[in-house]
Structures are given as C-alpha cells and as structure tokens.
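**Student:** Input file: target09.csv. Contents: CSV, C-alpha atoms.
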```
chain,number,residue,atom,x,y,z
A,1,MET,CA,38.2,58.7,5.8
A,2,ASN,CA,39.5,56.3,8.4
A,3,TYR,CA,43.1,56.8,9.2
A,4,PRO,CA,45.2,53.9,10.6
A,5,SER,CA,46.9,56.2,13.0
A,6,ALA,CA,46.0,59.4,14.9
A,7,LEU,CA,49.4,60.8,14.0
A,8,ILE,CA,48.7,60.5,10.3
A,9,GLU,CA,45.2,62.0,10.7
A,10,GLU,CA,46.6,65.0,12.5
A,11,ALA,CA,49.4,65.5,9.9
A,12,VAL,CA,46.9,65.2,7.0
A,13,ASN,CA,44.6,67.7,8.6
A,14,GLU,CA,47.4,70.2,9.2
A,15,LEU,CA,49.0,69.9,5.8
A,16,SER,CA,45.7,70.1,4.0
A,17,LYS,CA,45.3,73.7,5.3
A,18,PHE,CA,47.9,74.8,2.7
A,19,PRO,CA,46.1,76.5,-0.2
A,20,GLY,CA,45.5,74.1,-3.1
A,21,VAL,CA,46.3,71.1,-1.0
A,22,GLY,CA,43.5,68.6,-0.4
A,23,LYS,CA,43.3,65.5,1.8
A,24,LYS,CA,44.7,63.3,-1.0
A,25,SER,CA,47.7,65.6,-1.7
A,26,ALA,CA,48.3,65.9,2.1
A,27,MET,CA,48.3,62.1,2.3
A,28,ARG,CA,50.9,62.0,-0.4
A,29,MET,CA,53.0,64.5,1.5
A,30,VAL,CA,52.6,62.3,4.7
A,31,LEU,CA,53.8,59.2,2.8
A,32,HIS,CA,56.8,61.2,1.5
A,33,LEU,CA,57.6,62.3,5.1
A,34,LEU,CA,57.4,58.8,6.4
A,35,LYS,CA,60.0,57.7,3.8
A,36,GLN,CA,62.5,60.4,4.8
A,37,GLN,CA,65.2,60.3,7.4
A,38,GLN,CA,64.0,61.3,10.8
A,39,GLN,CA,66.4,64.2,11.2
A,40,ASP,CA,65.3,65.7,7.8
A,41,VAL,CA,61.7,65.7,8.8
A,42,VAL,CA,62.5,67.3,12.2
A,43,LYS,CA,64.5,70.0,10.2
A,44,LEU,CA,61.5,70.7,8.1
A,45,GLY,CA,59.1,71.0,11.1
A,46,GLU,CA,61.5,73.3,12.9
A,47,ALA,CA,62.1,75.4,9.8
A,48,VAL,CA,58.3,76.0,9.6
A,49,ILE,CA,58.0,76.8,13.3
A,50,LYS,CA,61.0,79.1,13.3
A,51,LEU,CA,59.8,80.9,10.2
A,52,ARG,CA,56.6,82.0,11.9
A,53,THR,CA,57.8,82.6,15.4
A,54,GLN,CA,61.1,84.4,14.6
A,55,ILE,CA,60.2,86.4,11.5
A,56,LYS,CA,60.6,90.2,11.7
A,57,TYR,CA,59.3,92.9,9.4
A,58,CYS,CA,61.3,96.0,8.4
A,59,SER,CA,59.8,98.9,10.4
A,60,ARG,CA,60.3,101.2,7.4
A,61,CYS,CA,59.1,99.3,4.3
A,62,GLY,CA,57.1,96.4,5.8
A,63,ASN,CA,59.2,93.8,3.9
A,64,VAL,CA,60.3,90.7,5.9
A,65,SER,CA,63.8,91.1,7.4
A,66,ASP,CA,66.1,89.4,9.8
A,67,ALA,CA,66.9,92.8,11.3
A,68,GLU,CA,64.9,95.9,12.4
A,69,ILE,CA,65.6,97.6,9.1
A,70,CYS,CA,65.9,95.4,6.0
A,71,ASN,CA,69.0,95.1,3.8
A,72,ILE,CA,67.4,97.0,0.9
A,73,CYS,CA,66.3,100.0,3.0
A,74,ASN,CA,69.7,99.9,4.7
A,75,ASN,CA,71.7,100.0,1.5
A,76,PRO,CA,73.3,103.5,1.0
A,77,LYS,CA,73.9,102.7,-2.7
A,78,ARG,CA,70.1,102.5,-3.4
A,79,ASN,CA,68.1,105.5,-4.3
A,80,GLN,CA,66.2,106.4,-1.1
A,81,HIS,CA,63.8,108.8,-2.8
A,82,THR,CA,62.2,106.3,-5.2
A,83,ILE,CA,59.6,104.0,-3.6
A,84,CYS,CA,58.2,101.0,-5.4
A,85,VAL,CA,54.8,100.0,-4.0
A,86,VAL,CA,54.2,96.2,-4.1
A,87,GLU,CA,51.6,93.8,-2.7
A,88,ASP,CA,53.8,91.3,-0.8
A,89,LEU,CA,57.4,90.0,-0.5
A,90,ARG,CA,57.1,87.7,-3.5
A,91,ASP,CA,56.9,90.8,-5.6
A,92,VAL,CA,60.0,92.3,-3.9
A,93,ILE,CA,61.9,89.1,-4.7
A,94,ALA,CA,60.6,89.1,-8.3
A,95,ILE,CA,61.6,92.7,-8.9
A,96,GLU,CA,65.0,92.3,-7.2
A,97,ASN,CA,65.7,89.3,-9.5
A,98,THR,CA,65.3,91.6,-12.6
A,99,ASN,CA,68.2,93.8,-11.4
A,100,GLN,CA,66.4,96.7,-13.0
A,101,PHE,CA,65.3,98.7,-9.9
A,102,ASN,CA,67.7,100.6,-7.6
A,103,GLY,CA,65.2,102.3,-5.3
A,104,ILE,CA,63.5,101.0,-2.2
A,105,TYR,CA,60.1,99.3,-1.5
A,106,HIS,CA,56.9,99.7,0.3
A,107,VAL,CA,55.0,96.5,1.0
A,108,ILE,CA,51.3,97.2,1.5
A,109,GLY,CA,50.4,93.6,2.3
A,110,GLY,CA,47.4,93.1,0.0
A,111,LEU,CA,45.1,94.7,-2.5
A,112,ILE,CA,41.8,96.4,-1.9
A,113,ASN,CA,39.1,93.8,-2.5
A,114,PRO,CA,35.6,94.6,-1.4
A,115,VAL,CA,34.4,91.0,-2.1
A,116,SER,CA,36.9,89.6,0.4
A,117,GLY,CA,36.2,92.5,2.8
A,118,ILE,CA,39.7,94.0,2.4
A,119,GLY,CA,39.6,97.8,2.6
A,120,PRO,CA,42.4,100.4,2.6
A,121,ASP,CA,42.4,100.4,6.4
A,122,GLN,CA,43.8,96.8,6.5
A,123,LEU,CA,46.7,97.7,4.2
A,124,ASN,CA,50.0,99.4,5.0
A,125,ILE,CA,48.9,102.6,3.3
A,126,ASP,CA,49.0,105.3,6.0
A,127,GLN,CA,52.6,104.5,6.6
A,128,LEU,CA,53.4,105.0,2.9
A,129,VAL,CA,51.9,108.6,3.0
A,130,GLU,CA,53.9,109.3,6.2
A,131,ARG,CA,57.1,108.0,4.5
A,132,ILE,CA,56.7,110.1,1.4
A,133,GLN,CA,56.4,113.2,3.6
A,134,THR,CA,59.3,112.5,5.9
A,135,GLU,CA,61.7,110.9,3.5
A,136,LYS,CA,61.3,113.5,0.7
A,137,THR,CA,60.4,110.9,-1.8
A,138,THR,CA,60.4,112.1,-5.4
A,139,GLU,CA,58.8,109.1,-7.2
A,140,VAL,CA,56.4,106.4,-6.3
A,141,ILE,CA,56.2,103.4,-8.7
A,142,MET,CA,53.0,101.4,-8.5
A,143,ALA,CA,54.0,97.7,-9.2
A,144,LEU,CA,50.7,96.0,-8.5
A,145,SER,CA,48.9,93.2,-10.3
A,146,ALA,CA,47.1,94.1,-13.5
A,147,THR,CA,43.8,92.9,-12.0
A,148,MET,CA,40.6,94.6,-10.9
A,149,GLU,CA,41.9,94.6,-7.3
A,150,GLY,CA,45.3,96.0,-8.4
A,151,ASP,CA,43.8,98.7,-10.5
A,152,THR,CA,41.4,99.7,-7.7
A,153,THR,CA,44.3,99.9,-5.3
A,154,VAL,CA,46.4,102.0,-7.7
A,155,PHE,CA,43.3,104.3,-8.2
A,156,TYR,CA,42.9,104.7,-4.4
A,157,LEU,CA,46.6,105.3,-3.8
A,158,SER,CA,46.9,107.9,-6.6
A,159,LYS,CA,44.0,109.9,-5.2
A,160,LYS,CA,45.5,109.7,-1.7
A,161,LEU,CA,48.9,110.9,-2.9
A,162,LYS,CA,47.6,113.5,-5.4
A,163,SER,CA,48.3,116.4,-3.0
A,164,LEU,CA,51.8,115.4,-2.2
A,165,PRO,CA,54.8,116.7,-4.3
A,166,VAL,CA,55.7,113.3,-5.7
A,167,ASN,CA,55.7,111.8,-9.2
A,168,ILE,CA,53.5,108.7,-9.5
A,169,SER,CA,54.0,106.1,-12.2
A,170,THR,CA,52.9,102.5,-12.8
A,171,ILE,CA,54.8,99.6,-14.4
A,172,SER,CA,54.0,99.2,-18.1
A,173,ARG,CA,51.3,96.8,-19.3
A,174,GLY,CA,51.5,95.1,-22.6
A,175,ILE,CA,52.5,92.0,-24.6
A,176,ALA,CA,55.0,90.0,-22.6
A,177,ILE,CA,58.5,89.8,-24.0
A,178,GLY,CA,58.6,86.7,-26.1
A,179,GLY,CA,54.8,86.6,-26.2
A,180,GLU,CA,53.1,85.8,-29.5
A,181,LEU,CA,50.4,88.2,-30.6
A,182,GLU,CA,47.9,85.5,-31.5
A,183,TYR,CA,47.9,84.2,-28.0
A,184,ALA,CA,47.5,87.5,-26.3
A,185,ASP,CA,44.1,88.3,-24.9
A,186,GLU,CA,42.1,91.1,-26.5
A,187,VAL,CA,42.2,93.5,-23.6
A,188,THR,CA,46.0,93.3,-23.3
A,189,LEU,CA,46.5,93.6,-27.1
A,190,GLY,CA,44.1,96.6,-27.3
A,191,ARG,CA,45.8,98.4,-24.4
A,192,SER,CA,49.2,97.7,-25.8
A,193,ILE,CA,48.2,99.5,-29.0
A,194,ALA,CA,46.6,102.4,-27.1
A,195,LEU,CA,49.7,102.7,-24.8
A,196,ARG,CA,52.2,102.4,-27.7
A,197,VAL,CA,55.7,103.9,-27.2
A,198,PRO,CA,58.1,105.6,-29.7
A,199,TYR,CA,60.3,103.0,-31.4
A,200,GLN,CA,63.9,103.4,-30.2
B,1,MET,CA,67.0,83.7,-6.0
B,2,ASN,CA,67.7,86.3,-3.3
B,3,TYR,CA,65.6,85.9,-0.2
B,4,PRO,CA,65.0,88.8,2.1
B,5,SER,CA,65.4,86.6,5.2
B,6,ALA,CA,67.4,83.5,6.0
B,7,LEU,CA,64.3,82.1,7.8
B,8,ILE,CA,62.4,82.3,4.5
B,9,GLU,CA,65.2,80.8,2.5
B,10,GLU,CA,65.4,77.8,4.9
B,11,ALA,CA,61.6,77.2,4.9
B,12,VAL,CA,61.4,77.4,1.1
B,13,ASN,CA,64.3,75.0,0.8
B,14,GLU,CA,62.7,72.5,3.2
B,15,LEU,CA,59.2,72.8,1.7
B,16,SER,CA,60.4,72.4,-1.9
B,17,LYS,CA,61.6,68.9,-1.0
B,18,PHE,CA,58.0,67.7,-1.1
B,19,PRO,CA,57.3,65.9,-4.4
B,20,GLY,CA,55.8,68.2,-7.0
B,21,VAL,CA,56.5,71.3,-5.0
B,22,GLY,CA,59.0,73.7,-6.6
B,23,LYS,CA,60.5,76.9,-5.2
B,24,LYS,CA,57.6,79.0,-6.4
B,25,SER,CA,55.0,76.8,-4.7
B,26,ALA,CA,57.1,76.6,-1.6
B,27,MET,CA,57.3,80.4,-1.5
B,28,ARG,CA,53.5,80.5,-1.8
B,29,MET,CA,53.3,78.1,1.2
B,30,VAL,CA,55.7,80.3,3.1
B,31,LEU,CA,53.5,83.4,2.5
B,32,HIS,CA,50.5,81.4,3.6
B,33,LEU,CA,52.2,80.4,6.8
B,34,LEU,CA,53.3,84.0,7.5
B,35,LYS,CA,49.6,85.0,7.4
B,36,GLN,CA,48.5,82.3,9.8
B,37,GLN,CA,48.2,82.6,13.6
B,38,GLN,CA,51.5,81.7,15.3
B,39,GLN,CA,50.0,78.8,17.3
B,40,ASP,CA,48.5,77.3,14.2
B,41,VAL,CA,51.9,77.2,12.5
B,42,VAL,CA,53.5,75.7,15.5
B,43,LYS,CA,50.8,73.0,15.5
B,44,LEU,CA,51.6,72.2,11.9
B,45,GLY,CA,55.3,72.0,12.5
B,46,GLU,CA,54.8,69.8,15.6
B,47,ALA,CA,52.4,67.5,13.8
B,48,VAL,CA,55.0,66.9,11.1
B,49,ILE,CA,57.8,66.2,13.6
B,50,LYS,CA,55.5,63.9,15.7
B,51,LEU,CA,54.4,62.0,12.6
B,52,ARG,CA,57.9,61.0,11.7
B,53,THR,CA,59.3,60.5,15.2
B,54,GLN,CA,56.4,58.7,16.9
B,55,ILE,CA,55.0,56.6,14.1
B,56,LYS,CA,54.9,52.8,14.6
B,57,TYR,CA,54.4,50.0,12.2
B,58,CYS,CA,52.3,46.9,12.8
B,59,SER,CA,54.7,44.1,13.4
B,60,ARG,CA,52.4,41.7,11.6
B,61,CYS,CA,51.2,43.4,8.4
B,62,GLY,CA,53.5,46.4,8.1
B,63,ASN,CA,50.7,48.9,8.1
B,64,VAL,CA,51.2,52.0,10.2
B,65,SER,CA,49.7,51.7,13.6
B,66,ASP,CA,49.6,53.5,17.0
B,67,ALA,CA,50.1,50.2,18.7
B,68,GLU,CA,52.3,47.1,18.3
B,69,ILE,CA,49.6,45.3,16.3
B,70,CYS,CA,47.2,47.4,14.2
B,71,ASN,CA,43.5,47.7,14.7
B,72,ILE,CA,42.8,45.7,11.5
B,73,CYS,CA,45.0,42.7,12.5
B,74,ASN,CA,43.7,42.9,16.0
B,75,ASN,CA,40.0,42.8,15.0
B,76,PRO,CA,38.6,39.3,15.7
B,77,LYS,CA,35.6,39.9,13.4
B,78,ARG,CA,37.9,40.0,10.4
B,79,ASN,CA,38.9,37.0,8.4
B,80,GLN,CA,42.4,36.2,9.5
B,81,HIS,CA,43.1,33.8,6.7
B,82,THR,CA,42.6,36.1,3.7
B,83,ILE,CA,45.5,38.5,3.1
B,84,CYS,CA,45.3,41.4,0.8
B,85,VAL,CA,48.7,42.5,-0.5
B,86,VAL,CA,49.1,46.2,-1.1
B,87,GLU,CA,51.8,48.7,-1.9
B,88,ASP,CA,51.4,51.2,0.9
B,89,LEU,CA,49.0,52.5,3.5
B,90,ARG,CA,47.2,54.7,1.0
B,91,ASP,CA,45.9,51.5,-0.6
B,92,VAL,CA,44.8,50.2,2.8
B,93,ILE,CA,42.8,53.4,3.4
B,94,ALA,CA,41.3,53.2,-0.1
B,95,ILE,CA,40.2,49.6,0.3
B,96,GLU,CA,39.0,50.1,3.8
B,97,ASN,CA,36.8,53.0,2.5
B,98,THR,CA,35.1,50.6,0.1
B,99,ASN,CA,33.7,48.4,3.0
B,100,GLN,CA,34.1,45.5,0.6
B,101,PHE,CA,37.0,43.6,2.2
B,102,ASN,CA,36.8,41.8,5.6
B,103,GLY,CA,40.2,40.2,5.6
B,104,ILE,CA,43.6,41.5,6.7
B,105,TYR,CA,46.4,43.2,4.9
B,106,HIS,CA,50.1,42.9,4.1
B,107,VAL,CA,51.9,46.1,3.2
B,108,ILE,CA,55.0,45.4,1.0
B,109,GLY,CA,56.1,49.0,1.0
B,110,GLY,CA,56.7,49.5,-2.7
B,111,LEU,CA,56.8,47.8,-6.1
B,112,ILE,CA,59.7,46.1,-7.9
B,113,ASN,CA,61.2,48.7,-10.2
B,114,PRO,CA,64.6,47.9,-11.8
B,115,VAL,CA,64.8,51.5,-13.2
B,116,SER,CA,64.7,53.0,-9.7
B,117,GLY,CA,66.9,50.1,-8.3
B,118,ILE,CA,64.1,48.7,-6.2
B,119,GLY,CA,64.4,44.9,-6.1
B,120,PRO,CA,62.4,42.3,-4.1
B,121,ASP,CA,64.9,42.4,-1.3
B,122,GLN,CA,63.9,45.9,-0.4
B,123,LEU,CA,60.2,45.0,-0.1
B,124,ASN,CA,58.4,43.4,2.8
B,125,ILE,CA,58.1,40.1,0.9
B,126,ASP,CA,59.9,37.5,3.0
B,127,GLN,CA,57.6,38.3,5.9
B,128,LEU,CA,54.6,37.6,3.7
B,129,VAL,CA,55.8,34.1,2.9
B,130,GLU,CA,56.4,33.5,6.6
B,131,ARG,CA,53.0,34.8,7.5
B,132,ILE,CA,51.2,32.6,4.9
B,133,GLN,CA,53.0,29.5,6.4
B,134,THR,CA,52.4,30.3,10.1
B,135,GLU,CA,49.0,31.9,9.9
B,136,LYS,CA,47.4,29.2,7.7
B,137,THR,CA,46.4,31.7,5.1
B,138,THR,CA,43.9,30.4,2.6
B,139,GLU,CA,43.8,33.2,0.1
B,140,VAL,CA,46.2,36.0,-1.0
B,141,ILE,CA,44.6,38.9,-3.0
B,142,MET,CA,47.0,41.0,-5.0
B,143,ALA,CA,45.8,44.6,-5.0
B,144,LEU,CA,48.7,46.3,-6.7
B,145,SER,CA,48.6,49.0,-9.3
B,146,ALA,CA,47.9,48.1,-12.9
B,147,THR,CA,51.3,49.3,-14.1
B,148,MET,CA,54.4,47.7,-15.4
B,149,GLU,CA,55.9,47.7,-11.9
B,150,GLY,CA,52.7,46.4,-10.3
B,151,ASP,CA,52.4,43.5,-12.8
B,152,THR,CA,56.1,42.7,-12.4
B,153,THR,CA,55.6,42.5,-8.6
B,154,VAL,CA,52.5,40.3,-8.9
B,155,PHE,CA,54.4,38.0,-11.3
B,156,TYR,CA,57.3,37.8,-8.8
B,157,LEU,CA,55.0,37.1,-5.8
B,158,SER,CA,53.0,34.5,-7.7
B,159,LYS,CA,56.1,32.6,-8.5
B,160,LYS,CA,57.3,32.9,-4.9
B,161,LEU,CA,54.0,31.6,-3.5
B,162,LYS,CA,53.4,28.9,-6.0
B,163,SER,CA,54.6,26.1,-3.8
B,164,LEU,CA,52.4,27.2,-0.9
B,165,PRO,CA,48.9,25.8,-0.3
B,166,VAL,CA,47.2,29.1,-0.8
B,167,ASN,CA,44.8,30.5,-3.5
B,168,ILE,CA,46.2,33.6,-5.3
B,169,SER,CA,43.9,36.1,-6.9
B,170,THR,CA,44.2,39.7,-8.3
B,171,ILE,CA,41.7,42.5,-8.2
B,172,SER,CA,39.8,42.8,-11.4
B,173,ARG,CA,40.9,45.1,-14.2
B,174,GLY,CA,38.4,46.7,-16.6
B,175,ILE,CA,36.3,49.8,-17.4
B,176,ALA,CA,35.8,51.9,-14.3
B,177,ILE,CA,32.2,52.0,-13.0
B,178,GLY,CA,30.6,55.1,-14.6
B,179,GLY,CA,33.4,55.2,-17.2
B,180,GLU,CA,32.4,55.8,-20.8
B,181,LEU,CA,33.8,53.4,-23.4
B,182,GLU,CA,34.9,56.0,-25.8
B,183,TYR,CA,37.3,57.5,-23.2
B,184,ALA,CA,38.8,54.2,-22.1
B,185,ASP,CA,42.3,53.4,-23.4
B,186,GLU,CA,42.7,50.6,-25.9
B,187,VAL,CA,44.6,48.3,-23.6
B,188,THR,CA,42.0,48.5,-20.8
B,189,LEU,CA,39.2,48.1,-23.3
B,190,GLY,CA,40.8,45.1,-25.0
B,191,ARG,CA,41.5,43.4,-21.7
B,192,SER,CA,38.0,44.1,-20.4
B,193,ILE,CA,36.7,42.1,-23.4
B,194,ALA,CA,39.2,39.3,-22.9
B,195,LEU,CA,38.4,39.1,-19.2
B,196,ARG,CA,34.6,39.4,-19.6
B,197,VAL,CA,32.4,37.8,-16.9
B,198,PRO,CA,29.0,36.1,-17.1
B,199,TYR,CA,26.1,38.6,-16.9
B,200,GLN,CA,24.3,38.2,-13.6
```
Can the structure in the file be given as structure tokens, please?

**Tutor:**
Amino acid sequence: MNYPSALIEEAVNELSKFPGVGKKSAMRMVLHLLKQQQQDVVKLGEAVIKLRTQIKYCSRCGNVSDAEICNICNNPKRNQHTICVVEDLRDVIAIENTNQFNGIYHVIGGLINPVSGIGPDQLNIDQLVERIQTEKTTEVIMALSATMEGDTTVFYLSKKLKSLPVNISTISRGIAIGGELEYADEVTLGRSIALRVPYQ
Amino acid sequence: MNYPSALIEEAVNELSKFPGVGKKSAMRMVLHLLKQQQQDVVKLGEAVIKLRTQIKYCSRCGNVSDAEICNICNNPKRNQHTICVVEDLRDVIAIENTNQFNGIYHVIGGLINPVSGIGPDQLNIDQLVERIQTEKTTEVIMALSATMEGDTTVFYLSKKLKSLPVNISTISRGIAIGGELEYADEVTLGRSIALRVPYQ
C-alpha cells in the first residue's frame, strides 16, 4: 500500500500489531485519531506509554498493582489461606466482579501449551508452591479455562501440589446459567450429567 | 468494573474510545501491550502522538501530506485538469492502489448527513469550486460511496457545479468484478441492468 504520509504509515504499522487488527482496521483507527482533538490523542499515547513503563506486579500473587503488594493481598478482611489460581489479570477482574470469592489470587501468567512452546518453567508456578508452604494455605481453587491447555495445566499443578497438605478444587463446569440445553455442545452436556449435583 | 491498577483503568478508557472497541476489547489490547517489550510500546505511543501533532494537509487538495503540497498534486506527470472528488484519504489510497487514475484529488472530508448534523458547510466544498475556476479543470469525477449520504452529496455538488464549464462524471455502479449474480442485492442488480454498457 502507498501511504500519503510517513506519519500515517508508521501509525498504521504500529496499530496493526494489536491482535486481530489488520492494516485496514489500523487505517480506520488512524482516521479516527486524525478527527480527534490533539490533546485527546496525546492523552491516549501517554496512557499507553505510562501503562507499560510504570506498571508494577504484586510481588506476592503476580497480579498487576500500583504498589509492591496489591490491594487484594493487602486486604485483612480477605481469607489469606484460600488461593485462587488464574491465568491472567482478566480472570482476576472477572472473578472479582462476581463478588463470590473472598480469598486471594495467584496469577500464573499463562497456560501450559506445548504447541506454542510454553512449558511449566515459563509460568509463575514455583512461587505458588512456595506460597502454599509459607502462607499455610488450606485450599487452592483452580480457575483455569476449560480448554485442553487449561486442563493440562490443572493436571500438572495437581500433581505438583499432591504432597502438600492443601485441598485442591476446580471451578465447576456445566451448562451456563440461562443457557438452553439444545444449544449446549455435547461434551459440556455429557459432563454436566456426569458431574450432576444434589438438588437443593 | 474494578481495575487492579489506575494505569490499566486509564489505558482501557482511552483505548475503548476507538470506534468498535469496547471495554473488553480494550482490556485485551492492554494485556497485549503488557506482554510486549517496553521500547515497542513506547514506539506505538509516540507514533500515535506524532501522527496527530505533526500531520499536515495539502493546502490544495486537502489530502494528508508531509509537505505543504502533497506528492500527487506536485507530480507534473499527472493530469492537473481532472479532479477526483473523494470523502477521505482512505479513498485516495484505494484509488491510487488501482493504478487506473492519473489525475489529482479533492478530499471533501465527509458526506452530507442531516441525521449526524453534517451539512455542506462543514465539508471542503467551497475550495473545490474555487479550484475548478482557477485551475481550469476540465473534468470532475465523483468517487463517493454508493449510499444515501454519498448520493445526496453528489446531488448537492452537481447542482453547485452546474454553472461551471466542467464535465461531471461518477464512478460506475454495478455488480462487483468476480461477484455472483445470485448474491447481488436487488437494487444493485436492477441498476446494473438499467445502466448496461455496450459489449466490447
């Protein structure tokens, strides 16, 4: 493509590095930016730079944080002996929004994926083992995706934690609340029957 | 939503201002940025800021340009008496990529759209009239979208230019090359019959 300006070419190239954004979408973003007020675009650019250069991670759970220890770990009202293991901070936000969990988190930063070359060594797993031992954790809840990679990671973690005096659980799988049976896939439906729970 | 960091909250808010990007997509972009090298993210942020603060527009045709007059207007090999009227610079790029047009452009910067409150006054139209008079233009090609707004704008422009000694044409409408008849909409198909051309 021939761009009428080197500035546009550079911005398109940079914006098209976002996942799912091609050159055409990036061009649409550039046109949007050109129509905005100058100070608003500067604010966006600075927010992006500040995000990456000033971000800190909680030294305990690996969640992002503005301080050395994150607000969740630092909250004395939360159960410090129940650790919920999640993939990344999106999952922390999603679980926090349910208001159903009062423990603390451990962000492992990914899932075991041999195809992409991600092994247990690249994940924040050793620190989890250390935490369980030093923090006298009583329960570890695995809240990982119900995918091949998620299941592999849960399997690896459960073997790794087997010798420790801690209960391991996983979040329940089944038909989504509000979900219609006829639209559920066969595997989910089959497992939701196998994993049925007493009616309360 | 509760964000674990003010930096993330600000970046999500800024990124979700892009058209078609909601808070969830913005969060995905933020996670992507956090995984990138610091210098790459700085480069992105700076490209965005530079784009908006350093961009210049060609004082003749309104296209973006790194100089006072754009490369297209400045090219002596191009026909300086045929002006192609387009909405924005995306259309300039699209037409340039066809290699089928050797004239120059006039970017009007939008389409007449009463619903959004965009009238002829907000578009770069008066300058077009001036150019046609001073540059001795012989032909004006309307290359605007085949939508209600595009047709309205063509209608307005054709009335405005009627008294000037210039030929007005519009790009052809019809079945796209490679398009199958059964998937064409009725209006396009009907007009492609009404606007049929001699077989060459």

**Student:** Please, which residues of chain B lie no more than 6 Å from chain A when the count uses all atoms listed in the file, and can they be set out as a CSV table (one decimal) with C-alpha atoms, in the coordinates of the input?

**Tutor:**
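Just written: part06.csv:
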```csv
chain,number,residue,atom,x,y,z
B,4,PRO,CA,65.0,88.8,2.1
B,5,SER,CA,65.4,86.6,5.2
B,7,LEU,CA,64.3,82.1,7.8
B,11,ALA,CA,61.6,77.2,4.9
B,14,GLU,CA,62.7,72.5,3.2
B,34,LEU,CA,53.3,84.0,7.5
B,42,VAL,CA,53.5,75.7,15.5
B,44,LEU,CA,51.6,72.2,11.9
B,45,GLY,CA,55.3,72.0,12.5
B,47,ALA,CA,52.4,67.5,13.8
B,48,VAL,CA,55.0,66.9,11.1
B,49,ILE,CA,57.8,66.2,13.6
B,51,LEU,CA,54.4,62.0,12.6
B,52,ARG,CA,57.9,61.0,11.7
B,65,SER,CA,49.7,51.7,13.6
B,66,ASP,CA,49.6,53.5,17.0
```

**Student:** Which is closest to Leu195 (chain A) among A:Asn102, A:Ser116, A:Ser172, A:Asn167, if we use all atoms listed in the file?

**Tutor:**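 So, comparing all the options, the nearest one is A:Ser172.
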
**Student:** So what do you get for CA of Val107 (chain B) versus CA of Met142 (chain B), distance-wise?

**Tutor:**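 Straight-line distance from CA of Val107 (chain B) to CA of Met142 (chain B) works out to 10.8 Å.
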
**Student:** Between CA of Asn74 (chain A) and CA of Phe101 (chain A), measure the distance and give it in Å to one decimal.

**Tutor:**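 We find that CA of Asn74 (chain A) and CA of Phe101 (chain A) lie 15.3 Å from each other.
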
**Student:** Would you compute the distance between CA of Leu161 (chain B) and CA of Arg191 (chain B)? Give it in Å to one decimal.

**Tutor:** 25.0 Å

**Student:** Show me the residues close to (48.9, 98.3, -9.7) - anything with an atom within 12 Å, counting only C-alpha atoms - and format the list as number ranges by chain.

**Tutor:** A: 84-87, 91, 108, 110-112, 140-158, 168-173

**Student:** Keeping only C-alpha atoms, write the selected residues as an mmCIF file, keeping the file's coordinate frame.

**Tutor:**
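To be explicit, this is the file written out as out-v9.cif:
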```cif
data_model
loop_
_atom_site.group_PDB
_atom_site.id
_atom_site.type_symbol
_atom_site.label_atom_id
_atom_site.label_comp_id
_atom_site.auth_asym_id
_atom_site.auth_seq_id
_atom_site.Cartn_x
_atom_site.Cartn_y
_atom_site.Cartn_z
ATOM 1 C CA CYS A 84 58.200 101.000 -5.400
ATOM 2 C CA VAL A 85 54.800 100.000 -4.000
ATOM 3 C CA VAL A 86 54.200 96.200 -4.100
ATOM 4 C CA GLU A 87 51.600 93.800 -2.700
ATOM 5 C CA ASP A 91 56.900 90.800 -5.600
ATOM 6 C CA ILE A 108 51.300 97.200 1.500
ATOM 7 C CA GLY A 110 47.400 93.100 0.000
ATOM 8 C CA LEU A 111 45.100 94.700 -2.500
ATOM 9 C CA ILE A 112 41.800 96.400 -1.900
ATOM 10 C CA VAL A 140 56.400 106.400 -6.300
ATOM 11 C CA ILE A 141 56.200 103.400 -8.700
ATOM 12 C CA MET A 142 53.000 101.400 -8.500
ATOM 13 C CA ALA A 143 54.000 97.700 -9.200
ATOM 14 C CA LEU A 144 50.700 96.000 -8.500
ATOM 15 C CA SER A 145 48.900 93.200 -10.300
ATOM 16 C CA ALA A 146 47.100 94.100 -13.500
ATOM 17 C CA THR A 147 43.800 92.900 -12.000
ATOM 18 C CA MET A 148 40.600 94.600 -10.900
ATOM 19 C CA GLU A 149 41.900 94.600 -7.300
ATOM 20 C CA GLY A 150 45.300 96.000 -8.400
ATOM 21 C CA ASP A 151 43.800 98.700 -10.500
ATOM 22 C CA THR A 152 41.400 99.700 -7.700
ATOM 23 C CA THR A 153 44.300 99.900 -5.300
ATOM 24 C CA VAL A 154 46.400 102.000 -7.700
ATOM 25 C CA PHE A 155 43.300 104.300 -8.200
ATOM 26 C CA TYR A 156 42.900 104.700 -4.400
ATOM 27 C CA LEU A 157 46.600 105.300 -3.800
ATOM 28 C CA SER A 158 46.900 107.900 -6.600
ATOM 29 C CA ILE A 168 53.500 108.700 -9.500
ATOM 30 C CA SER A 169 54.000 106.100 -12.200
ATOM 31 C CA THR A 170 52.900 102.500 -12.800
ATOM 32 C CA ILE A 171 54.800 99.600 -14.400
ATOM 33 C CA SER A 172 54.000 99.200 -18.100
ATOM 34 C CA ARG A 173 51.300 96.800 -19.300
#
```

**Student:** Mind working out the centre and edge lengths of an axis-aligned box for region 77-80 of chain B, all listed atoms inside, 4 Å added to each side, rounded to one decimal in Å and written as AutoDock Vina command-line options?

**Tutor:**
```
--center_x 39.0 --center_y 38.1 --center_z 10.9 --size_x 14.8 --size_y 11.8 --size_z 13.0
```

**Student:** Measuring atom to atom with only C-alpha atoms, identify which of A:Ile104, A:Ile83, A:Glu68, A:Lys160 is nearest to Ile125 (chain A).

**Tutor:**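 Counting only C-alpha atoms, the residue closest to Ile125 (chain A) is A:Lys160.
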